[in-house]
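**Q** Sharing my_file-v3.tsv below, TSV, C-alpha atoms:
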chain	number	residue	atom	x	y	z
K	1	MET	CA	-54.64	-43.45	-225.01
K	2	ALA	CA	-56.94	-45.89	-226.81
K	3	PHE	CA	-56.79	-43.50	-229.75
K	4	LEU	CA	-52.97	-43.56	-229.75
K	5	GLU	CA	-53.00	-47.37	-229.57
K	6	TRP	CA	-55.40	-47.52	-232.50
K	7	LEU	CA	-53.31	-44.95	-234.39
K	8	GLN	CA	-50.14	-47.00	-234.26
K	9	THR	CA	-51.90	-50.08	-235.62
K	10	THR	CA	-53.25	-48.35	-238.73
K	11	TRP	CA	-51.71	-49.57	-241.98
K	12	VAL	CA	-49.91	-46.25	-242.55
K	13	ALA	CA	-48.28	-46.43	-239.11
K	14	GLU	CA	-47.29	-50.06	-239.70
K	15	LEU	CA	-45.80	-49.13	-243.06
K	16	VAL	CA	-43.69	-46.32	-241.57
K	17	ALA	CA	-42.63	-48.45	-238.60
K	18	THR	CA	-41.76	-51.69	-240.38
K	19	SER	CA	-40.61	-50.78	-243.89
K	20	LEU	CA	-36.88	-50.34	-244.39
K	21	TRP	CA	-37.22	-46.91	-246.02
K	22	GLY	CA	-40.34	-45.41	-244.40
K	23	TYR	CA	-38.91	-43.93	-241.22
K	24	PRO	CA	-35.64	-42.58	-242.73
K	25	LEU	CA	-37.53	-41.19	-245.74
K	26	PHE	CA	-39.96	-39.15	-243.63
K	27	GLU	CA	-37.14	-38.06	-241.32
K	28	THR	CA	-35.25	-36.77	-244.37
K	29	ILE	CA	-38.33	-34.89	-245.59
K	30	HIS	CA	-38.73	-33.49	-242.06
K	31	SER	CA	-35.14	-32.14	-242.14
K	32	LEU	CA	-35.63	-30.53	-245.56
K	33	GLY	CA	-38.99	-29.03	-244.55
K	34	MET	CA	-37.29	-27.62	-241.46
K	35	ALA	CA	-34.61	-25.87	-243.54
K	36	MET	CA	-37.32	-24.44	-245.84
K	37	MET	CA	-39.41	-23.11	-242.99
K	38	ILE	CA	-36.65	-21.79	-240.75
K	39	GLY	CA	-34.93	-20.22	-243.77
K	40	SER	CA	-37.97	-18.34	-245.03
K	41	LEU	CA	-39.69	-17.50	-241.73
K	42	GLY	CA	-36.32	-16.68	-240.18
K	43	LEU	CA	-35.55	-14.15	-242.90
K	44	ILE	CA	-39.02	-12.56	-242.60
K	45	ASN	CA	-38.59	-12.20	-238.84
K	46	LEU	CA	-35.06	-10.81	-239.14
K	47	ARG	CA	-36.30	-8.27	-241.69
K	48	VAL	CA	-39.06	-7.17	-239.28
K	49	LEU	CA	-36.37	-6.80	-236.61
K	50	GLY	CA	-34.47	-4.42	-238.90
K	51	TYR	CA	-32.02	-6.67	-240.80
K	52	LYS	CA	-31.44	-5.68	-244.46
K	53	PRO	CA	-33.87	-2.72	-244.56
K	54	GLU	CA	-33.40	-2.56	-248.35
K	55	LEU	CA	-35.63	-5.66	-248.62
K	56	PRO	CA	-39.20	-4.35	-249.13
K	57	LEU	CA	-41.32	-5.43	-246.17
K	58	LEU	CA	-44.36	-6.15	-248.31
K	59	GLY	CA	-42.24	-8.15	-250.78
K	60	MET	CA	-41.32	-10.54	-247.97
K	61	ARG	CA	-44.80	-11.98	-248.46
K	62	GLN	CA	-43.42	-13.76	-251.52
K	63	LEU	CA	-41.48	-16.02	-249.15
K	64	LEU	CA	-44.68	-17.25	-247.49
K	65	PRO	CA	-45.37	-20.04	-250.05
K	66	LEU	CA	-41.96	-21.55	-249.25
K	67	ALA	CA	-42.69	-21.30	-245.52
K	68	TRP	CA	-46.09	-22.95	-246.04
K	69	LEU	CA	-44.56	-25.69	-248.17
K	70	GLY	CA	-42.02	-26.43	-245.43
K	71	PHE	CA	-44.74	-26.34	-242.76
K	72	THR	CA	-47.02	-28.70	-244.72
K	73	LEU	CA	-44.18	-31.13	-245.48
K	74	ASN	CA	-43.33	-31.20	-241.79
K	75	ALA	CA	-46.88	-31.50	-240.53
K	76	VAL	CA	-47.40	-34.51	-242.81
K	77	SER	CA	-44.00	-36.18	-242.28
K	78	GLY	CA	-44.09	-35.40	-238.53
K	79	THR	CA	-47.55	-36.94	-238.17
K	80	LEU	CA	-46.42	-40.06	-240.03
K	81	LEU	CA	-43.30	-40.41	-237.87
K	82	PHE	CA	-45.48	-39.95	-234.76
K	83	THR	CA	-48.03	-42.59	-235.76
K	84	SER	CA	-45.28	-45.21	-236.20
K	85	ASP	CA	-44.98	-45.37	-232.38
K	86	ALA	CA	-47.70	-43.06	-231.06
K	87	VAL	CA	-47.93	-44.24	-227.43
K	88	TYR	CA	-44.15	-44.14	-227.00
K	89	PHE	CA	-43.77	-40.67	-228.54
K	90	PHE	CA	-46.72	-39.11	-226.74
K	91	ALA	CA	-45.18	-40.04	-223.37
K	92	LYS	CA	-42.13	-37.88	-224.14
K	93	TRP	CA	-41.92	-34.40	-222.63
K	94	THR	CA	-39.53	-33.24	-225.35
K	95	LEU	CA	-42.23	-34.00	-227.95
K	96	ARG	CA	-44.96	-32.28	-225.90
K	97	ILE	CA	-42.82	-29.17	-225.45
K	98	LYS	CA	-41.99	-29.20	-229.16
K	99	LEU	CA	-45.68	-29.37	-230.09
K	100	ILE	CA	-46.48	-26.47	-227.76
K	101	LEU	CA	-43.65	-24.44	-229.33
K	102	VAL	CA	-44.97	-25.27	-232.84
K	103	MET	CA	-48.47	-24.12	-231.84
K	104	LEU	CA	-47.09	-20.92	-230.30
K	105	GLY	CA	-44.97	-20.41	-233.43
K	106	GLY	CA	-48.03	-20.88	-235.64
K	107	LEU	CA	-50.20	-18.44	-233.65
K	108	ASN	CA	-47.31	-16.03	-233.64
K	109	ALA	CA	-46.87	-16.27	-237.42
K	110	ALA	CA	-50.59	-15.56	-237.90
K	111	LEU	CA	-50.31	-12.48	-235.66
K	112	LEU	CA	-47.20	-11.33	-237.51
K	113	GLY	CA	-48.92	-11.77	-240.87
K	114	ARG	CA	-51.81	-9.63	-239.65
K	115	SER	CA	-49.72	-6.84	-238.16
K	116	VAL	CA	-46.92	-6.62	-240.73
K	117	PHE	CA	-48.41	-7.48	-244.09
K	118	ARG	CA	-51.93	-6.11	-243.68
K	119	GLU	CA	-50.65	-2.80	-242.31
K	120	ALA	CA	-47.92	-2.55	-244.92
K	121	ALA	CA	-50.51	-3.31	-247.62
K	122	ALA	CA	-53.03	-0.78	-246.28
K	123	GLY	CA	-50.67	2.15	-245.77
K	124	ALA	CA	-48.50	3.06	-248.74
K	125	ALA	CA	-45.67	4.47	-246.65
K	126	PRO	CA	-43.32	1.81	-245.26
K	127	ALA	CA	-43.58	3.15	-241.73
K	128	PRO	CA	-41.05	1.92	-239.17
K	129	VAL	CA	-42.10	-1.42	-237.72
K	130	ALA	CA	-43.95	-1.02	-234.40
K	131	ALA	CA	-42.12	-2.20	-231.29
K	132	GLY	CA	-44.90	-4.71	-230.55
K	133	THR	CA	-44.44	-6.28	-233.97
K	134	LYS	CA	-40.72	-6.61	-233.33
K	135	VAL	CA	-41.46	-8.48	-230.11
K	136	ILE	CA	-43.66	-10.89	-232.11
K	137	ALA	CA	-40.87	-11.43	-234.65
K	138	PHE	CA	-38.32	-12.05	-231.92
K	139	LEU	CA	-40.62	-14.54	-230.16
K	140	SER	CA	-41.19	-16.29	-233.48
K	141	LEU	CA	-37.44	-16.91	-233.83
K	142	VAL	CA	-37.32	-18.19	-230.24
K	143	PHE	CA	-40.32	-20.53	-230.72
K	144	TRP	CA	-39.13	-22.06	-233.99
K	145	LEU	CA	-35.50	-22.49	-232.95
K	146	GLY	CA	-36.83	-24.00	-229.70
K	147	ALA	CA	-38.97	-26.40	-231.75
K	148	VAL	CA	-35.87	-27.49	-233.71
K	149	CYS	CA	-33.92	-28.12	-230.48
K	150	PHE	CA	-36.67	-30.03	-228.69
K	151	GLY	CA	-37.42	-31.97	-231.86
K	152	ARG	CA	-33.84	-33.18	-232.05
K	153	LEU	CA	-33.83	-34.06	-228.35
K	154	ILE	CA	-36.88	-36.37	-228.68
K	155	ALA	CA	-34.46	-39.10	-229.78
K	156	TYR	CA	-32.50	-38.81	-226.52
K	157	GLU	CA	-35.25	-38.66	-223.90
K	158	GLN	CA	-35.20	-41.95	-222.01
F	1	MET	CA	-0.60	-44.76	-240.71
F	2	THR	CA	-3.50	-46.39	-242.48
F	3	ILE	CA	-6.90	-44.74	-242.61
F	4	MET	CA	-8.21	-47.32	-240.13
F	5	GLU	CA	-5.40	-46.49	-237.68
F	6	LEU	CA	-6.25	-42.81	-238.03
F	7	LEU	CA	-9.94	-43.52	-237.34
F	8	VAL	CA	-9.05	-45.60	-234.27
F	9	TRP	CA	-6.75	-42.83	-233.03
F	10	LEU	CA	-9.50	-40.20	-233.58
F	11	GLU	CA	-11.98	-42.33	-231.68
F	12	ASN	CA	-9.62	-42.55	-228.71
F	13	THR	CA	-8.70	-38.88	-228.42
F	14	SER	CA	-9.65	-37.24	-225.13
F	15	ILE	CA	-12.34	-35.17	-226.90
F	16	ALA	CA	-13.97	-38.32	-228.30
F	17	ASN	CA	-13.81	-39.94	-224.87
F	18	ALA	CA	-15.42	-36.87	-223.31
F	19	ILE	CA	-18.28	-36.99	-225.84
F	20	ARG	CA	-18.82	-40.64	-224.95
F	21	THR	CA	-18.77	-40.13	-221.18
F	22	ILE	CA	-20.68	-36.85	-220.77
F	23	PRO	CA	-24.24	-37.88	-221.66
F	24	TRP	CA	-25.59	-34.55	-222.93
F	25	LEU	CA	-22.67	-33.67	-225.23
F	26	TYR	CA	-23.67	-35.81	-228.23
F	27	PRO	CA	-27.32	-34.61	-228.26
F	28	ALA	CA	-26.08	-31.03	-227.81
F	29	PHE	CA	-23.76	-31.27	-230.83
F	30	GLU	CA	-26.49	-32.92	-232.89
F	31	THR	CA	-28.91	-30.12	-232.00
F	32	GLY	CA	-26.25	-27.61	-233.01
F	33	HIS	CA	-25.82	-29.56	-236.28
F	34	TYR	CA	-29.56	-29.09	-237.01
F	35	ILE	CA	-29.44	-25.37	-236.25
F	36	GLY	CA	-26.45	-25.16	-238.61
F	37	LEU	CA	-28.37	-27.19	-241.22
F	38	SER	CA	-31.26	-24.70	-241.04
F	39	LEU	CA	-28.92	-21.74	-241.53
F	40	LEU	CA	-26.85	-23.39	-244.26
F	41	VAL	CA	-29.51	-25.12	-246.33
F	42	GLY	CA	-32.23	-22.56	-245.49
F	43	GLY	CA	-29.93	-19.74	-246.65
F	44	ILE	CA	-28.71	-21.56	-249.77
F	45	MET	CA	-32.27	-22.50	-250.70
F	46	LEU	CA	-33.38	-18.85	-250.49
F	47	ILE	CA	-30.46	-17.67	-252.65
F	48	ASP	CA	-30.80	-20.46	-255.25
F	49	LEU	CA	-34.59	-20.16	-255.52
F	50	ARG	CA	-34.28	-16.37	-255.87
F	51	VAL	CA	-31.75	-16.83	-258.70
F	52	LEU	CA	-34.25	-19.23	-260.29
F	53	GLY	CA	-37.00	-16.59	-260.16
F	54	MET	CA	-38.79	-16.94	-256.80
F	55	ALA	CA	-39.77	-13.79	-254.83
F	56	ARG	CA	-38.84	-11.24	-257.49
F	57	ALA	CA	-39.92	-8.38	-255.21
F	58	LEU	CA	-36.79	-9.01	-253.16
F	59	PRO	CA	-33.65	-7.57	-254.81
F	60	LEU	CA	-31.31	-10.31	-256.06
F	61	LYS	CA	-28.31	-8.47	-254.66
F	62	SER	CA	-29.73	-8.42	-251.12
F	63	MET	CA	-30.60	-12.11	-251.32
F	64	ILE	CA	-27.06	-12.99	-252.45
F	65	GLY	CA	-26.07	-10.90	-249.42
F	66	LEU	CA	-27.44	-13.73	-247.23
F	67	LEU	CA	-24.19	-15.64	-247.81
F	68	PRO	CA	-22.81	-14.82	-244.31
F	69	PHE	CA	-25.66	-16.91	-242.85
F	70	VAL	CA	-24.72	-19.75	-245.16
F	71	TRP	CA	-21.09	-19.50	-244.05
F	72	ALA	CA	-22.09	-19.36	-240.38
F	73	GLY	CA	-24.18	-22.52	-240.84
F	74	PHE	CA	-21.32	-24.19	-242.72
F	75	ILE	CA	-18.77	-23.41	-239.99
F	76	ILE	CA	-21.15	-24.54	-237.21
F	77	ASN	CA	-21.70	-27.80	-239.07
F	78	VAL	CA	-18.06	-28.48	-239.86
F	79	ILE	CA	-17.27	-28.10	-236.15
F	80	THR	CA	-20.27	-30.02	-234.75
F	81	GLY	CA	-20.03	-32.59	-237.55
F	82	SER	CA	-16.33	-33.26	-236.82
F	83	LEU	CA	-17.10	-33.70	-233.11
F	84	LEU	CA	-19.98	-36.08	-233.87
F	85	PHE	CA	-17.71	-37.96	-236.29
F	86	ILE	CA	-14.82	-38.61	-233.90
F	87	TYR	CA	-17.30	-40.03	-231.35
F	88	GLY	CA	-17.68	-43.03	-233.62
F	89	ALA	CA	-14.92	-42.52	-236.20
F	90	THR	CA	-14.44	-46.22	-237.03
F	91	SER	CA	-18.13	-46.85	-237.70
F	92	PHE	CA	-18.90	-43.49	-239.39
F	93	GLY	CA	-15.69	-43.60	-241.45
F	94	THR	CA	-16.76	-46.89	-243.01
F	95	ASN	CA	-20.44	-45.92	-243.36
F	96	GLY	CA	-21.50	-45.85	-247.03
F	97	ALA	CA	-24.01	-43.04	-246.47
F	98	PHE	CA	-21.32	-40.92	-244.77
F	99	LEU	CA	-18.89	-41.41	-247.67
F	100	LEU	CA	-21.67	-40.44	-250.11
F	101	LYS	CA	-22.48	-37.38	-247.98
F	102	MET	CA	-18.84	-36.25	-248.10
F	103	SER	CA	-18.79	-36.79	-251.89
F	104	PHE	CA	-21.90	-34.61	-252.30
F	105	MET	CA	-20.32	-31.95	-250.09
F	106	VAL	CA	-17.25	-31.90	-252.34
F	107	LEU	CA	-19.54	-31.60	-255.39
F	108	ALA	CA	-21.53	-28.80	-253.73
F	109	GLY	CA	-18.27	-27.04	-252.84
F	110	LEU	CA	-16.83	-27.35	-256.36
F	111	ASN	CA	-20.15	-26.11	-257.77
F	112	ALA	CA	-20.05	-23.06	-255.46
F	113	LEU	CA	-16.43	-22.40	-256.48
F	114	ALA	CA	-17.23	-22.69	-260.20
F	115	PHE	CA	-20.21	-20.40	-259.64
F	116	ASP	CA	-18.03	-17.82	-257.91
F	117	VAL	CA	-15.37	-17.91	-260.67
F	118	ALA	CA	-18.04	-17.65	-263.39
F	119	VAL	CA	-19.70	-14.70	-261.66
F	120	ARG	CA	-16.37	-12.86	-261.36
F	121	ARG	CA	-15.55	-13.54	-265.04
F	122	SER	CA	-18.95	-12.36	-266.23
F	123	GLY	CA	-18.53	-9.19	-264.20
F	124	GLY	CA	-21.70	-9.88	-262.26
F	125	SER	CA	-23.59	-7.06	-263.97
F	126	TRP	CA	-26.57	-9.42	-264.19
F	127	VAL	CA	-26.92	-9.14	-260.42
F	128	SER	CA	-27.97	-5.48	-260.42
F	129	ALA	CA	-29.91	-5.98	-263.68
F	130	ASP	CA	-31.66	-9.00	-262.07
F	131	ARG	CA	-31.11	-11.13	-265.17
F	132	PRO	CA	-29.22	-14.25	-264.14
F	133	PRO	CA	-27.82	-15.96	-267.27
F	134	ALA	CA	-28.69	-19.59	-267.99
F	135	PHE	CA	-25.38	-20.91	-266.65
F	136	VAL	CA	-26.01	-19.19	-263.31
F	137	LYS	CA	-29.43	-20.84	-263.12
F	138	GLY	CA	-27.69	-24.13	-263.87
F	139	PHE	CA	-25.34	-23.64	-260.91
F	140	ALA	CA	-28.29	-22.72	-258.67
F	141	THR	CA	-30.18	-25.88	-259.69
F	142	ALA	CA	-27.09	-28.06	-259.17
F	143	SER	CA	-26.57	-26.45	-255.76
F	144	LEU	CA	-30.15	-27.28	-254.68
F	145	VAL	CA	-29.75	-30.89	-255.85
F	146	PHE	CA	-26.34	-31.39	-254.19
F	147	TRP	CA	-27.42	-29.97	-250.82
F	148	LEU	CA	-30.62	-32.02	-250.91
F	149	CYS	CA	-28.40	-35.09	-251.40
F	150	VAL	CA	-26.10	-34.00	-248.53
F	151	VAL	CA	-29.09	-33.76	-246.13
F	152	THR	CA	-30.59	-37.04	-247.38
F	153	THR	CA	-27.39	-39.11	-247.14
F	154	GLY	CA	-26.58	-37.47	-243.79
F	155	ARG	CA	-29.94	-38.49	-242.38
F	156	TRP	CA	-29.53	-41.98	-243.81
F	157	MET	CA	-26.22	-42.56	-241.95
F	158	ALA	CA	-28.19	-43.65	-238.89
F	159	TYR	CA	-29.87	-46.44	-240.83
F	160	ILE	CA	-26.90	-48.07	-242.62
I need this file expressed as C-alpha cells, please.
**A**
Amino acid sequence: MAFLEWLQTTWVAELVATSLWGYPLFETIHSLGMAMMIGSLGLINLRVLGYKPELPLLGMRQLLPLAWLGFTLNAVSGTLLFTSDAVYFFAKWTLRIKLILVMLGGLNAALLGRSVFREAAAGAAPAPVAAGTKVIAFLSLVFWLGAVCFGRLIAYEQ
Amino acid sequence: MTIMELLVWLENTSIANAIRTIPWLYPAFETGHYIGLSLLVGGIMLIDLRVLGMARALPLKSMIGLLPFVWAGFIINVITGSLLFIYGATSFGTNGAFLLKMSFMVLAGLNALAFDVAVRRSGGSWVSADRPPAFVKGFATASLVFWLCVVTTGRWMAYI
C-alpha cells in the first residue's frame, strides 16, 4: 500500500492525473491498442479454431508484431492510467479481475505460440490443429474479451 | 421541430428513461460499444494494413473477406451508440467532440464507398494478383486515419 501511495505521487502520475490532456490521451491510446490486439490475436485464434482455412497457419505469425505493438501500447498506457490514482484503482475488483484475465491471456498466448507455430514450423505438412490447441485458442478469446469487459466496467465500480 | 426539441424528446423517450433508471444498462451498452470497437477497428486495421503490405503470407482476398466482422462491429456500435446517445441526447448532441466524431464517421463512410466504387471500376483483378494500385493504398491510409480520429474524438467526448 505504501508502494501504491508513493506511485501516485511520482511526477509521471501527477502529470497524468492533473494535466488536461494526460488522462484522455492515454485512454485513447488504450482503446487503439485494444483494437490492434483483439483484431490480430482474435484472428489468429479464430484461424486455429478453423475459420478461413485458406489462411496459412504459419503465415499468421506475421500478425504477431501488430499484437505485440497493441500489447505494449496498452501495458504502457494502462500503467500510466493506473499510477494516476493507484490506491483507488487497486481497491477495485473489476481491475483485479481484469489483470488476472490479462495474465491468463498472456500465458495462454505463449502456450499457443509454442504449440501452433513451433509445430507448424517443424513439420512441413499443415496437419489438422490438435483439439488441445483449439481449447487454448478458445480460452484466449474468452480471456481477452473478458479483459475488455472488465476493463470497461472499472469506471462503474463504486 | 428544432434540433434541440428533437434532442429533448429523445432524452425523454421510455428507452432513455429506462437506461437512466436501470443502473447496469449504461455500463452494459458501453461494454458492448468497446467489443464492437474491437471488431470494427480491429478488422479494418487488419484489412488496411494488409493492403498496405503487412503480413504478405496471408492472401489479400481472404483478408478482405474479414469485412463481415467489420460490419458486425459497425452494426453493434450503431445500436449501442444510439442507445448511449439518447441517454444524454441534449448534452451529447451539443458536445464538440461528438460532432467531430460524427463528421469523421461520415468521412470514413464516404472513403469506404469511394473505395468500393473504385474497386468495382478497376475490376478488382489486383486482389488476386496481390498488387493493390496506389489509389487503393491511398484509400487504405485514409481509412486508418479516419477511424483513428473516430476513436480519439469518441474517447474525448467524456472530457469536453
**Q** With 7 Å as the limit and counting only C-alpha atoms, what residues in chain F lie close to chain K? Please list them as a PyMOL selection string.
**A** chain F and resi 27+31+37-39+41-43+55+57-59+62+152+155-156
**Q** Okay, now the selection with C-alpha atoms, as a PDB file, in the coordinates of the input?
**A**
ATOM      1  CA  PRO F  27     -27.320 -34.610-228.260  1.00  0.00           C
ATOM      2  CA  THR F  31     -28.910 -30.120-232.000  1.00  0.00           C
ATOM      3  CA  LEU F  37     -28.370 -27.190-241.220  1.00  0.00           C
ATOM      4  CA  SER F  38     -31.260 -24.700-241.040  1.00  0.00           C
ATOM      5  CA  LEU F  39     -28.920 -21.740-241.530  1.00  0.00           C
ATOM      6  CA  VAL F  41     -29.510 -25.120-246.330  1.00  0.00           C
ATOM      7  CA  GLY F  42     -32.230 -22.560-245.490  1.00  0.00           C
ATOM      8  CA  GLY F  43     -29.930 -19.740-246.650  1.00  0.00           C
ATOM      9  CA  ALA F  55     -39.770 -13.790-254.830  1.00  0.00           C
ATOM     10  CA  ALA F  57     -39.920  -8.380-255.210  1.00  0.00           C
ATOM     11  CA  LEU F  58     -36.790  -9.010-253.160  1.00  0.00           C
ATOM     12  CA  PRO F  59     -33.650  -7.570-254.810  1.00  0.00           C
ATOM     13  CA  SER F  62     -29.730  -8.420-251.120  1.00  0.00           C
ATOM     14  CA  THR F 152     -30.590 -37.040-247.380  1.00  0.00           C
ATOM     15  CA  ARG F 155     -29.940 -38.490-242.380  1.00  0.00           C
ATOM     16  CA  TRP F 156     -29.530 -41.980-243.810  1.00  0.00           C
TER      17      TRP F 156
END
**Q** Find the residue from K:Phe71, K:Ile100, K:Tyr88, K:Val12 that sits nearest to Gln158 (chain K); use only C-alpha atoms when measuring.
**A** K:Tyr88
**Q** Excluding region 4-10 of chain F and residues on its chain fewer than 2 positions from it, collect all residues at most 7 Å away from it, counting only C-alpha atoms, and give them as a JSON list (two decimals) with C-alpha atoms, keeping the file's coordinate frame.
**A**
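Final output, out-v2.json:
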[["chain", "number", "residue", "atom", "x", "y", "z"],
["F", 1, "MET", "CA", -0.60, -44.76, -240.71],
["F", 2, "THR", "CA", -3.50, -46.39, -242.48],
["F", 12, "ASN", "CA", -9.62, -42.55, -228.71],
["F", 13, "THR", "CA", -8.70, -38.88, -228.42],
["F", 86, "ILE", "CA", -14.82, -38.61, -233.90],
["F", 89, "ALA", "CA", -14.92, -42.52, -236.20],
["F", 90, "THR", "CA", -14.44, -46.22, -237.03]]
**Q** Take CA of Phe90 (chain K) and CA of Arg20 (chain F) and report the distance between them in Å, one decimal.
**A**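 Between CA of Phe90 (chain K) and CA of Arg20 (chain F) the gap is 28.0 Å.
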**Q** The residues within 9 Å of (-55.0, -39.8, -227.6), using all atoms listed in the file and the coordinates of the file, should be reported as number ranges by chain; which are they?
**A** K: 1-5, 7, 86-87, 90
**Q** Report, in Å with one decimal, the straight-line distance from CA of Leu111 (chain K) to CA of Ser140 (chain K).
**A**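 Separation of CA of Leu111 (chain K) and CA of Ser140 (chain K): 10.1 Å.
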**Q** Give the answer as one residue: which of K:Trp93, K:Thr133, K:Leu141, K:Leu81 has the shortest atom-to-atom distance to Gly113 (chain K), using only C-alpha atoms?
**A**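 Once distances to Gly113 (chain K) are computed over only C-alpha atoms, the minimum belongs to K:Thr133.
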**Q** Can you work out the spacing between CA of Ala72 (chain F) and CA of Lys137 (chain F) in Å, to one decimal?
**A**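 CA of Ala72 (chain F) sits 23.9 Å away from CA of Lys137 (chain F).
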**Q** I need the residue nearest Phe104 (chain F) from this list: F:Trp147, F:Ala129, F:Asp48, F:Phe92. Use only C-alpha atoms for the distance.
**A**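 Of F:Trp147, F:Ala129, F:Asp48, F:Phe92, the one nearest Phe104 (chain F), counting only C-alpha atoms, is F:Trp147.
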**Q** Please tell me which residues are no farther than 7 Å from (-25.5, -22.9, -247.6) in the file, counting only C-alpha atoms, and write them as a ChimeraX atom specification.
**A** /F:40-41,43-44,70-71,73-74
**Q** I'd like to know which of F:Ile35, F:Leu52, F:Ala112, F:Leu100 is closest to Ile75 (chain F), using only C-alpha atoms.
**A** F:Ile35
